[in-house]
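Raw contents of structure_36.cif, mmCIF, C-alpha atoms:
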```
data_coords
#
loop_
_atom_site.label_atom_id
_atom_site.label_comp_id
_atom_site.auth_asym_id
_atom_site.auth_seq_id
_atom_site.Cartn_x
_atom_site.Cartn_y
_atom_site.Cartn_z
CA CYS A 20 -42.21 -24.76 7.49
CA ASN A 21 -39.50 -23.13 5.35
CA THR A 22 -40.91 -24.46 2.06
CA GLY A 23 -44.27 -22.78 2.62
CA ARG A 24 -46.17 -25.81 1.29
CA VAL A 25 -49.83 -25.73 2.39
CA MET A 26 -50.84 -29.12 3.78
CA GLN A 27 -54.53 -28.45 4.42
CA THR A 28 -57.09 -25.65 4.44
CA PHE A 29 -60.53 -25.68 6.07
CA ASP A 30 -63.28 -23.32 7.11
CA ILE A 31 -64.00 -22.50 10.77
CA ARG A 32 -67.79 -22.61 10.68
CA ASN A 33 -68.38 -21.25 14.16
CA GLU A 34 -67.41 -17.79 15.39
CA PHE A 35 -63.69 -17.44 16.01
CA ARG A 36 -62.43 -14.47 17.98
CA GLY A 37 -59.18 -13.65 19.75
CA VAL A 38 -59.31 -11.29 22.72
CA ARG A 39 -56.57 -10.12 25.08
CA ARG A 40 -57.15 -11.47 28.58
CA GLY A 41 -56.33 -8.04 30.00
CA GLU A 42 -59.23 -6.54 28.07
CA ILE A 43 -61.60 -9.16 29.48
CA ALA A 44 -60.33 -8.49 33.01
CA SER A 45 -60.77 -4.74 32.55
CA ALA A 46 -64.32 -5.18 31.25
CA LEU A 47 -65.24 -7.31 34.26
CA ALA A 48 -63.53 -4.96 36.72
CA SER A 49 -65.46 -2.00 35.28
CA LYS A 50 -68.66 -3.51 36.70
CA LEU A 51 -67.30 -3.57 40.24
CA ASP A 52 -67.08 -0.83 42.84
CA GLU A 53 -63.75 0.84 43.50
CA GLY A 54 -61.83 -1.13 46.08
CA ASP A 55 -63.53 -4.46 45.34
CA VAL A 56 -60.35 -5.69 43.66
CA VAL A 57 -57.03 -5.47 45.51
CA TYR A 58 -53.87 -5.75 43.39
CA GLY A 59 -50.28 -6.58 44.34
CA LYS A 60 -51.09 -9.36 46.81
CA GLU A 61 -49.43 -12.74 46.27
CA VAL A 62 -51.29 -15.70 47.79
CA VAL A 63 -49.09 -18.25 49.56
CA HIS A 64 -51.65 -20.34 51.48
CA ALA A 65 -55.37 -20.90 51.99
CA GLU A 66 -57.18 -22.87 54.66
CA THR A 67 -60.64 -23.56 56.03
CA THR A 68 -61.21 -22.24 59.55
CA PRO A 69 -64.00 -22.74 62.11
CA ASN A 70 -65.53 -19.44 60.95
CA GLY A 71 -65.01 -19.76 57.20
CA ALA A 72 -61.66 -19.55 55.42
CA ARG A 73 -58.38 -17.66 55.53
CA VAL A 74 -55.98 -16.53 52.81
CA THR A 75 -52.37 -15.72 53.73
CA PHE A 76 -50.23 -13.46 51.54
CA SER A 77 -46.49 -13.21 50.91
CA ASP A 78 -46.26 -9.97 52.89
CA GLY A 79 -47.38 -11.82 56.02
CA THR A 80 -50.91 -10.40 56.10
CA ALA A 81 -54.04 -12.55 56.01
CA THR A 82 -57.71 -12.10 55.16
CA GLU A 83 -60.64 -13.88 56.75
CA CYS A 84 -63.48 -14.71 54.35
CA ALA A 85 -66.54 -16.90 53.85
CA ALA A 86 -64.82 -19.10 51.27
CA VAL A 87 -61.84 -19.17 48.89
CA VAL A 88 -61.92 -19.70 45.13
CA GLY A 89 -58.38 -20.30 43.94
CA CYS A 90 -57.89 -18.80 40.45
CA ASP A 91 -54.14 -18.40 40.76
CA GLY A 92 -52.99 -20.31 37.71
CA ALA A 93 -51.50 -23.69 36.88
CA ARG A 94 -48.95 -23.42 39.71
CA SER A 95 -51.71 -22.53 42.15
CA LYS A 96 -50.72 -21.99 45.79
CA VAL A 97 -54.37 -22.58 46.72
CA ALA A 98 -54.27 -25.98 45.00
CA LYS A 99 -51.05 -26.73 46.88
CA SER A 100 -52.84 -25.82 50.11
CA LEU A 101 -55.36 -28.54 49.28
CA GLY A 102 -52.54 -31.06 48.86
CA LEU A 103 -52.76 -31.17 45.06
CA ALA A 104 -49.59 -31.67 43.03
CA LEU A 105 -48.08 -29.34 40.45
CA PRO A 106 -48.95 -30.09 36.81
CA SER A 107 -46.70 -32.49 34.93
CA LEU A 108 -44.53 -31.13 32.11
CA THR A 109 -45.81 -32.26 28.72
CA GLY A 110 -42.36 -32.20 27.17
CA TYR A 111 -42.69 -28.89 25.37
CA SER A 112 -42.59 -25.16 26.07
CA ALA A 113 -43.87 -22.05 24.31
CA PHE A 114 -43.12 -18.48 23.39
CA ARG A 115 -46.18 -16.28 22.87
CA GLY A 116 -46.81 -12.67 21.96
CA VAL A 117 -48.93 -10.14 20.09
CA ALA A 118 -47.37 -8.45 17.06
CA VAL A 119 -48.38 -4.90 16.17
CA PHE A 120 -48.43 -3.97 12.48
CA ASP A 121 -49.47 -0.93 10.49
CA LYS A 122 -52.70 -1.65 8.60
CA ASP A 123 -50.75 -1.44 5.34
CA GLU A 124 -48.50 -4.28 6.47
CA ASN A 125 -51.41 -6.70 6.92
CA ASP A 126 -51.82 -8.68 3.72
CA GLY A 127 -55.12 -10.16 4.86
CA THR A 128 -53.84 -13.67 5.49
CA ALA A 129 -53.62 -13.04 9.25
CA THR A 130 -57.41 -13.03 9.48
CA ARG A 131 -57.20 -16.80 9.15
CA TYR A 132 -55.81 -19.12 11.78
CA LYS A 133 -52.51 -20.48 10.52
CA ALA A 134 -50.71 -23.52 11.93
CA ILE A 135 -47.14 -24.06 10.78
CA PHE A 136 -45.21 -27.28 11.46
CA GLY A 137 -41.50 -28.04 11.59
CA ARG A 138 -39.33 -30.73 13.16
CA GLY A 139 -39.85 -30.54 16.91
CA VAL A 140 -41.34 -27.04 16.54
CA ARG A 141 -44.78 -25.77 15.56
CA ALA A 142 -46.22 -22.29 15.40
CA GLY A 143 -49.51 -20.53 14.85
CA MET A 144 -50.99 -17.08 14.46
CA TYR A 145 -54.29 -15.27 14.02
CA GLN A 146 -55.45 -11.67 13.87
CA MET A 147 -56.97 -10.03 16.97
CA SER A 148 -57.60 -6.57 15.50
CA PRO A 149 -56.78 -4.69 12.27
CA THR A 150 -53.26 -4.08 13.60
CA GLU A 151 -52.65 -6.91 16.13
CA THR A 152 -51.77 -10.54 15.46
CA TYR A 153 -51.39 -13.16 18.19
CA TRP A 154 -48.69 -15.77 17.63
CA PHE A 155 -47.18 -18.74 19.44
CA ILE A 156 -44.18 -21.01 18.97
CA ILE A 157 -44.23 -24.39 20.71
CA PHE A 158 -41.12 -26.57 20.82
CA ASN A 159 -39.91 -29.78 22.43
CA ASN A 160 -38.26 -29.06 25.76
CA LYS A 161 -37.65 -31.58 28.52
CA GLY A 162 -37.33 -30.67 32.18
CA SER A 163 -39.52 -29.87 35.16
CA ILE A 164 -42.63 -27.68 35.15
CA ASP A 165 -40.95 -25.15 37.44
CA GLY A 166 -37.58 -25.12 35.63
CA ASP A 167 -35.89 -21.91 34.57
CA GLY A 168 -36.33 -20.34 31.13
CA PRO A 169 -35.15 -17.16 29.42
CA ARG A 170 -35.82 -14.20 31.71
CA SER A 171 -35.33 -11.07 29.61
CA GLY A 172 -37.53 -9.98 26.72
CA ALA A 173 -34.49 -9.71 24.48
CA ALA A 174 -33.50 -13.31 25.24
CA MET A 175 -37.03 -14.53 24.60
CA ARG A 176 -37.25 -12.81 21.23
CA LYS A 177 -33.80 -14.08 20.23
CA GLN A 178 -34.68 -17.67 21.10
CA ALA A 179 -38.13 -17.44 19.50
CA LEU A 180 -36.61 -16.15 16.25
CA GLU A 181 -34.03 -18.93 16.28
CA LYS A 182 -36.85 -21.50 16.37
CA VAL A 183 -38.52 -20.15 13.21
CA ARG A 184 -35.63 -18.62 11.26
CA GLY A 185 -36.42 -18.79 7.54
CA TRP A 186 -39.97 -20.07 8.04
CA ALA A 187 -42.75 -19.05 5.67
CA HIS A 188 -46.27 -17.70 6.34
CA GLY A 189 -45.15 -14.61 8.28
CA ILE A 190 -44.34 -16.11 11.68
CA GLU A 191 -40.78 -14.73 11.73
CA GLN A 192 -42.07 -11.26 10.83
CA ALA A 193 -44.69 -11.49 13.60
CA VAL A 194 -42.02 -12.17 16.23
CA GLN A 195 -39.93 -9.27 14.92
CA ALA A 196 -42.97 -6.95 15.12
CA THR A 197 -43.56 -7.76 18.80
CA ASP A 198 -42.36 -5.58 21.68
CA GLU A 199 -39.76 -7.77 23.39
CA ASN A 200 -41.23 -6.84 26.77
CA ARG A 201 -44.57 -8.33 25.71
CA ILE A 202 -43.21 -11.78 24.81
CA VAL A 203 -43.82 -14.53 27.37
CA PHE A 204 -42.23 -17.94 27.89
CA SER A 205 -43.92 -20.84 29.64
CA ARG A 206 -43.39 -24.53 30.17
CA ILE A 207 -46.56 -26.34 29.12
CA GLY A 208 -48.07 -28.57 31.77
CA GLU A 209 -51.24 -30.50 32.35
CA SER A 210 -52.76 -32.19 35.36
CA TRP A 211 -55.44 -34.63 36.35
CA ARG A 212 -55.72 -32.86 39.73
CA LEU A 213 -59.35 -32.16 38.81
CA ARG A 214 -60.12 -35.74 39.83
CA ASN A 215 -59.08 -34.91 43.37
CA LEU A 216 -61.54 -32.04 43.64
CA GLY A 217 -64.33 -34.58 43.81
CA THR A 218 -62.84 -36.03 47.00
CA LEU A 219 -62.46 -32.84 49.04
CA PRO A 220 -63.97 -32.97 52.54
CA ARG A 221 -67.64 -32.02 52.53
CA GLY A 222 -67.02 -29.07 54.83
CA GLU A 223 -64.08 -27.67 52.86
CA LEU A 224 -64.68 -23.98 52.07
CA ILE A 225 -62.05 -23.84 49.34
CA THR A 226 -62.45 -24.64 45.66
CA LEU A 227 -60.59 -23.95 42.43
CA ALA A 228 -61.37 -22.44 39.04
CA GLY A 229 -59.53 -21.74 35.81
CA ASP A 230 -56.01 -23.10 35.34
CA ALA A 231 -55.77 -23.73 39.07
CA ALA A 232 -58.47 -26.39 38.66
CA HIS A 233 -57.77 -27.72 35.18
CA PRO A 234 -54.29 -26.89 33.82
CA MET A 235 -54.33 -28.07 30.21
CA THR A 236 -52.23 -27.61 27.12
CA PRO A 237 -53.08 -24.69 24.79
CA ASN A 238 -53.69 -27.04 21.86
CA LEU A 239 -57.45 -26.37 21.87
CA GLY A 240 -57.24 -22.75 22.99
CA GLN A 241 -59.87 -23.52 25.64
CA GLY A 242 -58.15 -22.76 28.96
CA GLY A 243 -59.41 -19.19 29.32
CA CYS A 244 -62.79 -20.04 27.80
CA CYS A 245 -63.24 -22.86 30.29
CA ALA A 246 -62.34 -20.49 33.15
CA MET A 247 -65.16 -18.13 32.16
CA GLU A 248 -67.55 -21.08 32.10
CA ASP A 249 -66.32 -21.97 35.60
CA ALA A 250 -67.24 -18.48 36.82
CA VAL A 251 -70.80 -18.71 35.50
CA VAL A 252 -71.45 -22.19 36.93
CA LEU A 253 -69.85 -21.29 40.27
CA ALA A 254 -71.92 -18.11 40.59
CA LYS A 255 -75.14 -20.04 39.94
CA ALA A 256 -74.16 -22.72 42.44
CA VAL A 257 -73.27 -20.26 45.22
CA ALA A 258 -76.45 -18.24 44.58
CA GLY A 259 -78.44 -21.32 45.61
CA ALA A 260 -76.86 -21.59 49.05
CA GLN A 261 -79.28 -21.23 51.97
CA SER A 262 -76.66 -19.14 53.77
CA PHE A 263 -73.36 -17.68 52.68
CA SER A 264 -71.40 -19.65 55.25
CA GLY A 265 -70.75 -23.07 56.72
CA ALA A 266 -72.14 -26.36 55.49
CA SER A 267 -74.63 -24.82 53.07
CA LEU A 268 -71.92 -22.89 51.21
CA ALA A 269 -69.51 -25.83 51.24
CA ALA A 270 -72.21 -28.06 49.73
CA ARG A 271 -72.69 -25.61 46.88
CA LEU A 272 -68.94 -25.59 46.19
CA ARG A 273 -69.03 -29.40 45.91
CA LEU A 274 -72.03 -29.06 43.58
CA TYR A 275 -70.05 -26.71 41.35
CA GLU A 276 -67.10 -29.14 41.23
CA SER A 277 -69.39 -32.02 40.36
CA ALA A 278 -71.08 -30.01 37.61
CA ARG A 279 -67.78 -29.02 36.02
CA TRP A 280 -65.77 -32.23 36.36
CA LYS A 281 -66.88 -33.90 33.10
CA ARG A 282 -66.31 -30.73 31.11
CA TRP A 283 -62.83 -30.26 32.58
CA PHE A 284 -61.92 -33.87 31.94
CA LYS A 285 -63.12 -33.85 28.34
CA LEU A 286 -61.22 -30.70 27.41
CA THR A 287 -58.02 -31.73 29.22
CA VAL A 288 -57.96 -35.07 27.42
CA ARG A 289 -58.70 -33.56 24.02
CA ALA A 290 -56.03 -30.88 24.52
CA SER A 291 -53.42 -33.44 25.58
#
```
Could you rewrite the structure in this file as structure tokens?
Amino acid sequence: CNTGRVMQTFDIRNEFRGVRRGEIASALASKLDEGDVVYGKEVVHAETTPNGARVTFSDGTATECAAVVGCDGARSKVAKSLGLALPSLTGYSAFRGVAVFDKDENDGTATRYKAIFGRGVRAGMYQMSPTETYWFIIFNNKGSIDGDGPRSGAAMRKQALEKVRGWAHGIEQAVQATDENRIVFSRIGESWRLRNLGTLPRGELITLAGDAAHPMTPNLGQGGCCAMEDAVVLAKAVAGAQSFSGASLAARLRLYESARWKRWFKLTVRAS
């Protein structure tokens, strides 16, 4: 790490592209009518009802709907409503951020994916645009998946810099070039809860997608990609329902889960 010795180089033969999740969300939202997406509502519970499903929010309000697709992350409240456990901590945590450089500061090496290894710490970075470079720092950290971590941006940057102080390949400079309010900390978890989705009651009008369904480590960089695959397969499955309610819709949700299970399992194992 601090010696700068290159252990291995290789070509990425397939297309490799980094995109901010917010940009993807904005692109998708632009195709919807105004009011289709409601922001600022925290889900606390979901349940199947005689007439469909119900979602309850932290402000005490509730919404009746035909079905619920829980996409509320690795610590999903919808998954908890189904009786599924929180992910297990893998034994490490991560700081992540996007550094912003002037074009003149980019020496060209950031266009390649770089993995940097130290004792109990590893880091990586790759360019997302001519001026933006995504970076991460992963380090050994025992505890529970819902344990506390640094809360302020200043504390996150300070701790991230301490992990890579004196390291080569530009990782320290990337952390320094990141707005402290745009640095995130997370405890890395994974779960085999996806097995339980195959045993949901046939009439259950709730399913899961994204990290809520398959929380996995970021080692493959496939969590968000897999979530987009989920959306496509789910849409095709629901489109085949004879009616958008009841047993027909529930059957299509089980079909979606069955179609995705092997893919989820393979990626979760490989990322572990």
Picked residues, the PyMOL selection byres ((chain A and resi 255-272) around 9), as an NGL selection string: :A and (69-71 or 85-86 or 221-226 or 250-254 or 273-277)
Can I get the selected residues back with C-alpha atoms, as a short mmCIF file (atom, residue, chain, number, x, y, z; two decimals), keeping the file's coordinate frame?
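Here's the written file again_13.cif:
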```
data_model
loop_
_atom_site.label_atom_id
_atom_site.label_comp_id
_atom_site.auth_asym_id
_atom_site.auth_seq_id
_atom_site.Cartn_x
_atom_site.Cartn_y
_atom_site.Cartn_z
CA PRO A 69 -64.00 -22.74 62.11
CA ASN A 70 -65.53 -19.44 60.95
CA GLY A 71 -65.01 -19.76 57.20
CA ALA A 85 -66.54 -16.90 53.85
CA ALA A 86 -64.82 -19.10 51.27
CA ARG A 221 -67.64 -32.02 52.53
CA GLY A 222 -67.02 -29.07 54.83
CA GLU A 223 -64.08 -27.67 52.86
CA LEU A 224 -64.68 -23.98 52.07
CA ILE A 225 -62.05 -23.84 49.34
CA THR A 226 -62.45 -24.64 45.66
CA ALA A 250 -67.24 -18.48 36.82
CA VAL A 251 -70.80 -18.71 35.50
CA VAL A 252 -71.45 -22.19 36.93
CA LEU A 253 -69.85 -21.29 40.27
CA ALA A 254 -71.92 -18.11 40.59
CA ARG A 273 -69.03 -29.40 45.91
CA LEU A 274 -72.03 -29.06 43.58
CA TYR A 275 -70.05 -26.71 41.35
CA GLU A 276 -67.10 -29.14 41.23
CA SER A 277 -69.39 -32.02 40.36
#
```
Using only C-alpha atoms, find each residue of segment 161-235 of chain A with at least one atom at most 7 Å away from an atom of segment 87-109 of chain A; report its shortest atom-to-atom pair and that distance in Å (one decimal), sort the rows by chain and rising residue number, and return the result as a Markdown table.
```
| residue | atom | partner | partner_atom | distance |
| --- | --- | --- | --- | --- |
| A:Ser163 | CA | A:Leu108 | CA | 6.0 |
| A:Ile164 | CA | A:Leu108 | CA | 5.0 |
| A:Arg206 | CA | A:Leu108 | CA | 7.0 |
| A:Ile207 | CA | A:Thr109 | CA | 6.0 |
| A:Gly208 | CA | A:Leu108 | CA | 4.4 |
| A:Glu209 | CA | A:Pro106 | CA | 5.0 |
| A:Ser210 | CA | A:Pro106 | CA | 4.6 |
| A:Arg212 | CA | A:Leu103 | CA | 6.3 |
| A:Leu224 | CA | A:Val87 | CA | 6.4 |
| A:Ile225 | CA | A:Val87 | CA | 4.7 |
| A:Thr226 | CA | A:Val88 | CA | 5.0 |
| A:Leu227 | CA | A:Gly89 | CA | 4.5 |
| A:Ala228 | CA | A:Cys90 | CA | 5.2 |
| A:Gly229 | CA | A:Cys90 | CA | 5.7 |
| A:Asp230 | CA | A:Gly92 | CA | 4.7 |
| A:Ala231 | CA | A:Gly92 | CA | 4.6 |
| A:Pro234 | CA | A:Ala93 | CA | 5.2 |
```
Please provide the set of residues having any atom within 6 Å of Ala113 of chain A, restricted to only C-alpha atoms, with same-chain residues fewer than 6 positions apart removed, written as a PyMOL selection string. chain A and resi 156-157+204-205
Those same residues, written as a PDB file, in the frame of the given file with C-alpha atoms?
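Ended up saving to again-v4.pdb:
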```pdb
ATOM      1  CA  ILE A 156     -44.180 -21.010  18.970  1.00  0.00           C
ATOM      2  CA  ILE A 157     -44.230 -24.390  20.710  1.00  0.00           C
ATOM      3  CA  PHE A 204     -42.230 -17.940  27.890  1.00  0.00           C
ATOM      4  CA  SER A 205     -43.920 -20.840  29.640  1.00  0.00           C
TER       5      SER A 205
END
```
Might you pull out every residue within 8 Å of Ser291 of chain A, with all atoms listed in the file counted and same-chain residues fewer than 2 positions away left off, and present them as a PyMOL selection string? chain A and resi 209+235-236+238+287-289
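Picture a line from atom CA of Glu66 of chain A to atom CA of Met247 of chain A; it runs 24.3 Å.
Note that the spacing between atom CA of Lys60 of chain A and atom CA of Gly41 of chain A amounts to 17.7 Å.
Of the residues under consideration (A:Arg24, A:Lys281, A:Arg36, A:Lys161), A:Arg24 shows the shortest atom-to-atom contact distance to Ala134 of chain A when counting only C-alpha atoms.
Near Thr152 of chain A, within 10 Å and counting only C-alpha atoms, sit A:Gly37, A:Gly116, A:Val117, A:Ala118, A:Val119, A:Phe120, A:Asn125, A:Ala129, A:Thr130, A:Met144, A:Tyr145, A:Gln146, A:Met147, A:Ser148, A:Ala193, A:Val194, A:Ala196, A:Thr197, not including residues fewer than 4 positions from it in the same chain.
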Would you put the residues from that selection into a file with C-alpha atoms, as a compact mmCIF listing (two decimals), keeping the file's coordinate frame?
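What ended up in result_36.txt:
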```
# COMPACT_ATOMS: atom_id res chain seq x y z
CA GLY A 37 -59.18 -13.65 19.75
CA GLY A 116 -46.81 -12.67 21.96
CA VAL A 117 -48.93 -10.14 20.09
CA ALA A 118 -47.37 -8.45 17.06
CA VAL A 119 -48.38 -4.90 16.17
CA PHE A 120 -48.43 -3.97 12.48
CA ASN A 125 -51.41 -6.70 6.92
CA ALA A 129 -53.62 -13.04 9.25
CA THR A 130 -57.41 -13.03 9.48
CA MET A 144 -50.99 -17.08 14.46
CA TYR A 145 -54.29 -15.27 14.02
CA GLN A 146 -55.45 -11.67 13.87
CA MET A 147 -56.97 -10.03 16.97
CA SER A 148 -57.60 -6.57 15.50
CA ALA A 193 -44.69 -11.49 13.60
CA VAL A 194 -42.02 -12.17 16.23
CA ALA A 196 -42.97 -6.95 15.12
CA THR A 197 -43.56 -7.76 18.80
```
